[in-house]
Every structure is written in structure tokens, then in C-alpha cells.
$ cat coords14.tsv   # TSV, N, CA and C atoms
chain	number	residue	atom	x	y	z
M	1	ASP	N	-11.05	7.46	-3.58
M	1	ASP	CA	-11.08	6.04	-3.82
M	1	ASP	C	-12.30	5.65	-4.64
M	2	HIS	N	-13.46	6.27	-4.34
M	2	HIS	CA	-14.68	5.97	-5.07
M	2	HIS	C	-14.53	6.28	-6.56
M	3	LEU	N	-14.03	7.46	-6.88
M	3	LEU	CA	-13.88	7.85	-8.27
M	3	LEU	C	-12.86	6.98	-8.98
M	4	VAL	N	-11.82	6.58	-8.30
M	4	VAL	CA	-10.80	5.74	-8.91
M	4	VAL	C	-11.40	4.38	-9.28
M	5	ARG	N	-12.32	3.87	-8.46
M	5	ARG	CA	-12.98	2.60	-8.79
M	5	ARG	C	-13.87	2.75	-10.02
M	6	ILE	N	-14.55	3.88	-10.14
M	6	ILE	CA	-15.45	4.10	-11.27
M	6	ILE	C	-14.66	4.42	-12.54
M	7	CYS	N	-13.68	5.29	-12.42
M	7	CYS	CA	-12.87	5.73	-13.57
M	7	CYS	C	-11.40	5.42	-13.27
M	8	PRO	N	-10.94	4.25	-13.63
M	8	PRO	CA	-9.56	3.86	-13.28
M	8	PRO	C	-8.48	4.80	-13.81
M	9	ASP	N	-8.80	5.61	-14.83
M	9	ASP	CA	-7.81	6.54	-15.39
M	9	ASP	C	-7.62	7.78	-14.51
M	10	THR	N	-8.50	7.97	-13.53
M	10	THR	CA	-8.41	9.13	-12.65
M	10	THR	C	-7.21	8.98	-11.73
M	11	VAL	N	-6.43	10.04	-11.64
M	11	VAL	CA	-5.27	10.04	-10.76
M	11	VAL	C	-5.59	10.89	-9.55
M	12	PRO	N	-5.63	10.29	-8.35
M	12	PRO	CA	-5.91	11.08	-7.13
M	12	PRO	C	-4.86	12.16	-6.94
M	13	GLN	N	-5.29	13.34	-6.57
M	13	GLN	CA	-4.37	14.46	-6.36
M	13	GLN	C	-4.06	14.70	-4.89
M	14	ALA	N	-4.91	14.17	-4.00
M	14	ALA	CA	-4.72	14.40	-2.57
M	14	ALA	C	-5.51	13.36	-1.79
M	15	SER	N	-5.15	13.26	-0.54
M	15	SER	CA	-5.90	12.41	0.40
M	15	SER	C	-6.35	13.33	1.53
M	16	ILE	N	-7.65	13.33	1.81
M	16	ILE	CA	-8.20	14.23	2.82
M	16	ILE	C	-8.77	13.41	3.97
M	17	ASP	N	-8.32	13.70	5.17
M	17	ASP	CA	-8.87	13.04	6.36
M	17	ASP	C	-10.18	13.76	6.68
M	18	MET	N	-11.29	13.19	6.27
M	18	MET	CA	-12.58	13.84	6.43
M	18	MET	C	-12.97	13.99	7.90
M	19	ASN	N	-12.34	13.27	8.78
M	19	ASN	CA	-12.61	13.42	10.22
M	19	ASN	C	-12.08	14.74	10.76
M	20	LYS	N	-11.18	15.38	10.00
M	20	LYS	CA	-10.61	16.66	10.43
M	20	LYS	C	-11.19	17.85	9.68
M	21	VAL	N	-12.06	17.60	8.72
M	21	VAL	CA	-12.62	18.67	7.89
M	21	VAL	C	-13.48	19.60	8.75
M	22	LEU	N	-13.33	20.89	8.53
M	22	LEU	CA	-14.07	21.90	9.27
M	22	LEU	C	-15.36	22.28	8.58
M	23	GLU	N	-15.34	22.37	7.24
M	23	GLU	CA	-16.55	22.70	6.50
M	23	GLU	C	-16.41	22.33	5.04
M	24	VAL	N	-17.55	22.17	4.39
M	24	VAL	CA	-17.63	21.92	2.95
M	24	VAL	C	-18.55	23.01	2.40
M	25	THR	N	-18.01	23.81	1.48
M	25	THR	CA	-18.76	24.94	0.94
M	25	THR	C	-18.62	25.02	-0.58
M	26	ASP	N	-19.36	25.93	-1.17
M	26	ASP	CA	-19.27	26.19	-2.61
M	26	ASP	C	-17.89	26.76	-2.92
M	27	GLY	N	-17.26	26.27	-3.98
M	27	GLY	CA	-15.93	26.74	-4.32
M	27	GLY	C	-15.87	27.58	-5.58
M	28	GLU	N	-17.03	27.88	-6.17
M	28	GLU	CA	-17.04	28.59	-7.45
M	28	GLU	C	-16.38	29.96	-7.40
M	29	GLU	N	-16.61	30.70	-6.33
M	29	GLU	CA	-16.05	32.06	-6.24
M	29	GLU	C	-14.52	32.04	-6.33
M	30	VAL	N	-13.90	31.02	-5.76
M	30	VAL	CA	-12.44	30.94	-5.76
M	30	VAL	C	-11.91	30.30	-7.05
M	31	THR	N	-12.57	29.22	-7.49
M	31	THR	CA	-12.05	28.46	-8.64
M	31	THR	C	-12.54	28.97	-9.98
M	32	GLY	N	-13.71	29.62	-9.99
M	32	GLY	CA	-14.30	30.04	-11.26
M	32	GLY	C	-15.05	28.91	-11.95
M	33	HIS	N	-15.02	27.72	-11.37
M	33	HIS	CA	-15.73	26.57	-11.93
M	33	HIS	C	-17.09	26.47	-11.26
M	34	PRO	N	-18.19	26.45	-12.04
M	34	PRO	CA	-19.52	26.49	-11.44
M	34	PRO	C	-19.90	25.27	-10.59
M	35	TYR	N	-19.21	24.17	-10.76
M	35	TYR	CA	-19.58	22.96	-10.01
M	35	TYR	C	-18.44	22.51	-9.11
M	36	SER	N	-17.88	23.44	-8.35
M	36	SER	CA	-16.75	23.10	-7.48
M	36	SER	C	-17.11	23.25	-6.00
M	37	LEU	N	-16.41	22.50	-5.19
M	37	LEU	CA	-16.58	22.55	-3.74
M	37	LEU	C	-15.26	22.88	-3.09
M	38	ALA	N	-15.33	23.56	-1.96
M	38	ALA	CA	-14.16	23.84	-1.14
M	38	ALA	C	-14.27	22.99	0.11
M	39	ILE	N	-13.28	22.15	0.35
M	39	ILE	CA	-13.25	21.30	1.54
M	39	ILE	C	-12.16	21.86	2.44
M	40	THR	N	-12.58	22.48	3.55
M	40	THR	CA	-11.64	23.16	4.43
M	40	THR	C	-11.19	22.24	5.56
M	41	ALA	N	-9.88	22.01	5.59
M	41	ALA	CA	-9.25	21.22	6.64
M	41	ALA	C	-8.35	22.16	7.43
M	42	PRO	N	-7.88	21.74	8.60
M	42	PRO	CA	-7.03	22.64	9.40
M	42	PRO	C	-5.77	23.12	8.67
M	43	ASP	N	-5.22	22.28	7.81
M	43	ASP	CA	-3.95	22.62	7.17
M	43	ASP	C	-4.08	23.32	5.82
M	44	ARG	N	-5.25	23.15	5.14
M	44	ARG	CA	-5.42	23.79	3.82
M	44	ARG	C	-6.84	23.62	3.34
M	45	VAL	N	-7.14	24.29	2.24
M	45	VAL	CA	-8.45	24.15	1.59
M	45	VAL	C	-8.22	23.35	0.31
M	46	HIS	N	-9.01	22.28	0.14
M	46	HIS	CA	-8.94	21.45	-1.05
M	46	HIS	C	-10.14	21.81	-1.93
M	47	PHE	N	-9.93	21.87	-3.25
M	47	PHE	CA	-11.00	22.16	-4.17
M	47	PHE	C	-11.23	20.95	-5.05
M	48	VAL	N	-12.49	20.58	-5.21
M	48	VAL	CA	-12.87	19.49	-6.10
M	48	VAL	C	-13.96	20.01	-7.02
M	49	LYS	N	-14.04	19.43	-8.22
M	49	LYS	CA	-15.08	19.90	-9.12
M	49	LYS	C	-15.86	18.73	-9.70
M	50	GLY	N	-17.13	18.99	-9.91
M	50	GLY	CA	-18.02	18.00	-10.49
M	50	GLY	C	-18.29	18.33	-11.94
M	51	THR	N	-19.15	17.51	-12.55
M	51	THR	CA	-19.46	17.71	-13.96
M	51	THR	C	-20.80	18.39	-14.18
M	52	CYS	N	-21.63	18.45	-13.13
M	52	CYS	CA	-22.94	19.10	-13.26
M	52	CYS	C	-23.42	19.54	-11.87
M	53	ARG	N	-24.45	20.36	-11.86
M	53	ARG	CA	-24.99	20.90	-10.61
M	53	ARG	C	-25.47	19.78	-9.67
M	54	GLU	N	-26.16	18.80	-10.23
M	54	GLU	CA	-26.69	17.71	-9.40
M	54	GLU	C	-25.57	16.93	-8.73
M	55	GLU	N	-24.50	16.65	-9.46
M	55	GLU	CA	-23.37	15.93	-8.88
M	55	GLU	C	-22.72	16.74	-7.76
M	56	CYS	N	-22.56	18.02	-8.00
M	56	CYS	CA	-21.94	18.90	-7.00
M	56	CYS	C	-22.79	18.95	-5.73
M	57	ARG	N	-24.10	19.09	-5.89
M	57	ARG	CA	-24.99	19.11	-4.73
M	57	ARG	C	-24.94	17.78	-3.97
M	58	TRP	N	-24.92	16.68	-4.73
M	58	TRP	CA	-24.87	15.36	-4.10
M	58	TRP	C	-23.60	15.22	-3.26
M	59	TRP	N	-22.44	15.57	-3.85
M	59	TRP	CA	-21.19	15.47	-3.11
M	59	TRP	C	-21.19	16.41	-1.90
M	60	CYS	N	-21.74	17.59	-2.06
M	60	CYS	CA	-21.81	18.53	-0.94
M	60	CYS	C	-22.62	17.92	0.20
M	61	ASP	N	-23.77	17.34	-0.14
M	61	ASP	CA	-24.60	16.70	0.89
M	61	ASP	C	-23.86	15.57	1.58
M	62	VAL	N	-23.19	14.74	0.81
M	62	VAL	CA	-22.46	13.58	1.37
M	62	VAL	C	-21.29	14.05	2.24
M	63	LEU	N	-20.48	14.96	1.72
M	63	LEU	CA	-19.27	15.37	2.44
M	63	LEU	C	-19.58	16.27	3.62
M	64	SER	N	-20.68	16.99	3.58
M	64	SER	CA	-21.05	17.88	4.69
M	64	SER	C	-21.42	17.12	5.96
M	65	VAL	N	-21.68	15.85	5.83
M	65	VAL	CA	-22.00	15.03	7.01
M	65	VAL	C	-20.81	14.96	7.96
M	66	PHE	N	-19.59	14.97	7.44
M	66	PHE	CA	-18.41	14.81	8.28
M	66	PHE	C	-18.22	15.94	9.28
M	67	PRO	N	-18.23	17.21	8.87
M	67	PRO	CA	-18.09	18.27	9.87
M	67	PRO	C	-19.23	18.28	10.89
M	68	ARG	N	-20.46	17.98	10.45
M	68	ARG	CA	-21.59	17.96	11.38
M	68	ARG	C	-21.46	16.82	12.37
M	69	SER	N	-20.97	15.65	11.92
M	69	SER	CA	-20.84	14.53	12.85
M	69	SER	C	-19.72	14.80	13.86
M	70	LYS	N	-18.70	15.53	13.45
M	70	LYS	CA	-17.62	15.91	14.38
M	70	LYS	C	-18.19	16.82	15.47
M	71	TRP	N	-19.00	17.80	15.08
M	71	TRP	CA	-19.61	18.71	16.03
M	71	TRP	C	-20.48	17.92	17.00
M	72	TRP	N	-21.26	16.96	16.48
M	72	TRP	CA	-22.13	16.16	17.33
M	72	TRP	C	-21.32	15.32	18.32
M	73	ASP	N	-20.21	14.71	17.84
M	73	ASP	CA	-19.37	13.89	18.72
M	73	ASP	C	-18.75	14.74	19.83
M	74	GLU	N	-18.38	15.97	19.52
M	74	GLU	CA	-17.76	16.84	20.54
M	74	GLU	C	-18.75	17.24	21.62
M	75	ARG	N	-20.04	17.24	21.31
M	75	ARG	CA	-21.05	17.62	22.29
M	75	ARG	C	-21.31	16.50	23.29
M	76	LYS	N	-21.02	15.28	22.90
M	76	LYS	CA	-21.33	14.13	23.78
M	76	LYS	C	-20.43	14.10	25.00

$ encode --input "coords14.tsv" --output "C-alpha cells"
Amino acid sequence: DHLVRICPDTVPQASIDMNKVLEVTDGEEVTGHPYSLAITAPDRVHFVKGTCREECRWWCDVLSVFPRSKWWDERK
């Protein structure tokens, strides 16, 4: 949704329930794209790619909060 607001020409390819995500990791080994992330959900792995290293790191930091917050909620 964020990218669609910034770049209206972008067509979303999937919708990911971030509350169910298990991990967010580097996706370069699988995709061959140096700025890609792998978002692992119970049903499949989604791959997204950025335009530069800084963008990829930023998204990784932002999206990695979801699996950690799930772990924290389960401990309560």
C-alpha cells in the first residue's frame, strides 16, 4: 500500500499478512538480485526487491519488527 501511494503505476503482486510472517531475510541467494528480501510466511516465501542497499536494509529493519513482535506477544 505504501509503494502504491508513492508510485501509483506500481501494481501490487501479493498481499502479505505480516502478523503471520516467520522471518525476513536476505533474498539475494535465491533471486540473484542484490537488493532483495525473502519474507517467509507459513504458506510461502515472498520475494521483494529494492533499488539500492540502503533501501533494502531499511525495509529489512522495518519488516523484521513483525516476527520479533509476534515472538514477544507469545511470551506474555

$ closest_residue --input "coords14.tsv" --among "M:Arg57, M:Cys52, M:Ile16, M:Glu23" --to "Ala38 (chain M)" --atoms "only C-alpha atoms"
M:Glu23

$ atom_distance --input "coords14.tsv" --atom1 "CA of Ala41 (chain M)" --atom2 "CA of Ala14 (chain M)"
12.3 Å

$ atom_distance --input "coords14.tsv" --atom1 "CA of Glu54 (chain M)" --atom2 "CA of Pro42 (chain M)"
27.6 Å

$ atom_distance --input "coords14.tsv" --atom1 "CA of Thr40 (chain M)" --atom2 "atom C of Ser64 (chain M)"
11.6 Å

$ select_by_dssp --input "coords14.tsv" --residues "region 14-50 of chain M" --states "helix (DSSP H, G or I)" --output "VMD selection string"
chain M and resid 18 to 20 28 to 31

$ build_atoms --input "coords14.tsv" --residues "region 40-62 of chain M" --atoms "N, CA, C and O atoms" --output "PDB file, in the frame of the given file"
ATOM      1  N   THR M  40     -12.580  22.480   3.550  1.00  0.00           N
ATOM      2  CA  THR M  40     -11.640  23.160   4.430  1.00  0.00           C
ATOM      3  C   THR M  40     -11.190  22.240   5.560  1.00  0.00           C
ATOM      4  O   THR M  40     -12.002  21.773   6.356  1.00  0.00           O
ATOM      5  N   ALA M  41      -9.880  22.010   5.590  1.00  0.00           N
ATOM      6  CA  ALA M  41      -9.250  21.220   6.640  1.00  0.00           C
ATOM      7  C   ALA M  41      -8.350  22.160   7.430  1.00  0.00           C
ATOM      8  O   ALA M  41      -8.093  23.283   6.995  1.00  0.00           O
ATOM      9  N   PRO M  42      -7.880  21.740   8.600  1.00  0.00           N
ATOM     10  CA  PRO M  42      -7.030  22.640   9.400  1.00  0.00           C
ATOM     11  C   PRO M  42      -5.770  23.120   8.670  1.00  0.00           C
ATOM     12  O   PRO M  42      -5.326  24.241   8.881  1.00  0.00           O
ATOM     13  N   ASP M  43      -5.220  22.280   7.810  1.00  0.00           N
ATOM     14  CA  ASP M  43      -3.950  22.620   7.170  1.00  0.00           C
ATOM     15  C   ASP M  43      -4.080  23.320   5.820  1.00  0.00           C
ATOM     16  O   ASP M  43      -3.170  24.013   5.391  1.00  0.00           O
ATOM     17  N   ARG M  44      -5.250  23.150   5.140  1.00  0.00           N
ATOM     18  CA  ARG M  44      -5.420  23.790   3.820  1.00  0.00           C
ATOM     19  C   ARG M  44      -6.840  23.620   3.340  1.00  0.00           C
ATOM     20  O   ARG M  44      -7.623  22.886   3.919  1.00  0.00           O
ATOM     21  N   VAL M  45      -7.140  24.290   2.240  1.00  0.00           N
ATOM     22  CA  VAL M  45      -8.450  24.150   1.590  1.00  0.00           C
ATOM     23  C   VAL M  45      -8.220  23.350   0.310  1.00  0.00           C
ATOM     24  O   VAL M  45      -7.355  23.681  -0.496  1.00  0.00           O
ATOM     25  N   HIS M  46      -9.010  22.280   0.140  1.00  0.00           N
ATOM     26  CA  HIS M  46      -8.940  21.450  -1.050  1.00  0.00           C
ATOM     27  C   HIS M  46     -10.140  21.810  -1.930  1.00  0.00           C
ATOM     28  O   HIS M  46     -11.236  22.020  -1.421  1.00  0.00           O
ATOM     29  N   PHE M  47      -9.930  21.870  -3.250  1.00  0.00           N
ATOM     30  CA  PHE M  47     -11.000  22.160  -4.170  1.00  0.00           C
ATOM     31  C   PHE M  47     -11.230  20.950  -5.050  1.00  0.00           C
ATOM     32  O   PHE M  47     -10.275  20.353  -5.554  1.00  0.00           O
ATOM     33  N   VAL M  48     -12.490  20.580  -5.210  1.00  0.00           N
ATOM     34  CA  VAL M  48     -12.870  19.490  -6.100  1.00  0.00           C
ATOM     35  C   VAL M  48     -13.960  20.010  -7.020  1.00  0.00           C
ATOM     36  O   VAL M  48     -14.704  20.932  -6.663  1.00  0.00           O
ATOM     37  N   LYS M  49     -14.040  19.430  -8.220  1.00  0.00           N
ATOM     38  CA  LYS M  49     -15.080  19.900  -9.120  1.00  0.00           C
ATOM     39  C   LYS M  49     -15.860  18.730  -9.700  1.00  0.00           C
ATOM     40  O   LYS M  49     -15.329  17.635  -9.888  1.00  0.00           O
ATOM     41  N   GLY M  50     -17.130  18.990  -9.910  1.00  0.00           N
ATOM     42  CA  GLY M  50     -18.020  18.000 -10.490  1.00  0.00           C
ATOM     43  C   GLY M  50     -18.290  18.330 -11.940  1.00  0.00           C
ATOM     44  O   GLY M  50     -17.779  19.304 -12.487  1.00  0.00           O
ATOM     45  N   THR M  51     -19.150  17.510 -12.550  1.00  0.00           N
ATOM     46  CA  THR M  51     -19.460  17.710 -13.960  1.00  0.00           C
ATOM     47  C   THR M  51     -20.800  18.390 -14.180  1.00  0.00           C
ATOM     48  O   THR M  51     -21.073  18.847 -15.285  1.00  0.00           O
ATOM     49  N   CYS M  52     -21.630  18.450 -13.130  1.00  0.00           N
ATOM     50  CA  CYS M  52     -22.940  19.100 -13.260  1.00  0.00           C
ATOM     51  C   CYS M  52     -23.420  19.540 -11.870  1.00  0.00           C
ATOM     52  O   CYS M  52     -22.874  19.134 -10.849  1.00  0.00           O
ATOM     53  N   ARG M  53     -24.450  20.360 -11.860  1.00  0.00           N
ATOM     54  CA  ARG M  53     -24.990  20.900 -10.610  1.00  0.00           C
ATOM     55  C   ARG M  53     -25.470  19.780  -9.670  1.00  0.00           C
ATOM     56  O   ARG M  53     -25.231  19.818  -8.483  1.00  0.00           O
ATOM     57  N   GLU M  54     -26.160  18.800 -10.230  1.00  0.00           N
ATOM     58  CA  GLU M  54     -26.690  17.710  -9.400  1.00  0.00           C
ATOM     59  C   GLU M  54     -25.570  16.930  -8.730  1.00  0.00           C
ATOM     60  O   GLU M  54     -25.663  16.571  -7.555  1.00  0.00           O
ATOM     61  N   GLU M  55     -24.500  16.650  -9.460  1.00  0.00           N
ATOM     62  CA  GLU M  55     -23.370  15.930  -8.880  1.00  0.00           C
ATOM     63  C   GLU M  55     -22.720  16.740  -7.760  1.00  0.00           C
ATOM     64  O   GLU M  55     -22.410  16.216  -6.685  1.00  0.00           O
ATOM     65  N   CYS M  56     -22.560  18.020  -8.000  1.00  0.00           N
ATOM     66  CA  CYS M  56     -21.940  18.900  -7.000  1.00  0.00           C
ATOM     67  C   CYS M  56     -22.790  18.950  -5.730  1.00  0.00           C
ATOM     68  O   CYS M  56     -22.270  18.842  -4.618  1.00  0.00           O
ATOM     69  N   ARG M  57     -24.100  19.090  -5.890  1.00  0.00           N
ATOM     70  CA  ARG M  57     -24.990  19.110  -4.730  1.00  0.00           C
ATOM     71  C   ARG M  57     -24.940  17.780  -3.970  1.00  0.00           C
ATOM     72  O   ARG M  57     -24.952  17.760  -2.749  1.00  0.00           O
ATOM     73  N   TRP M  58     -24.920  16.680  -4.730  1.00  0.00           N
ATOM     74  CA  TRP M  58     -24.870  15.360  -4.100  1.00  0.00           C
ATOM     75  C   TRP M  58     -23.600  15.220  -3.260  1.00  0.00           C
ATOM     76  O   TRP M  58     -23.656  14.820  -2.106  1.00  0.00           O
ATOM     77  N   TRP M  59     -22.440  15.570  -3.850  1.00  0.00           N
ATOM     78  CA  TRP M  59     -21.190  15.470  -3.110  1.00  0.00           C
ATOM     79  C   TRP M  59     -21.190  16.410  -1.900  1.00  0.00           C
ATOM     80  O   TRP M  59     -20.692  16.054  -0.836  1.00  0.00           O
ATOM     81  N   CYS M  60     -21.740  17.590  -2.060  1.00  0.00           N
ATOM     82  CA  CYS M  60     -21.810  18.530  -0.940  1.00  0.00           C
ATOM     83  C   CYS M  60     -22.620  17.920   0.200  1.00  0.00           C
ATOM     84  O   CYS M  60     -22.211  17.971   1.360  1.00  0.00           O
ATOM     85  N   ASP M  61     -23.770  17.340  -0.140  1.00  0.00           N
ATOM     86  CA  ASP M  61     -24.600  16.700   0.890  1.00  0.00           C
ATOM     87  C   ASP M  61     -23.860  15.570   1.580  1.00  0.00           C
ATOM     88  O   ASP M  61     -23.883  15.442   2.801  1.00  0.00           O
ATOM     89  N   VAL M  62     -23.190  14.740   0.810  1.00  0.00           N
ATOM     90  CA  VAL M  62     -22.460  13.580   1.370  1.00  0.00           C
ATOM     91  C   VAL M  62     -21.290  14.050   2.240  1.00  0.00           C
ATOM     92  O   VAL M  62     -21.128  13.591   3.372  1.00  0.00           O
TER      93      VAL M  62
END
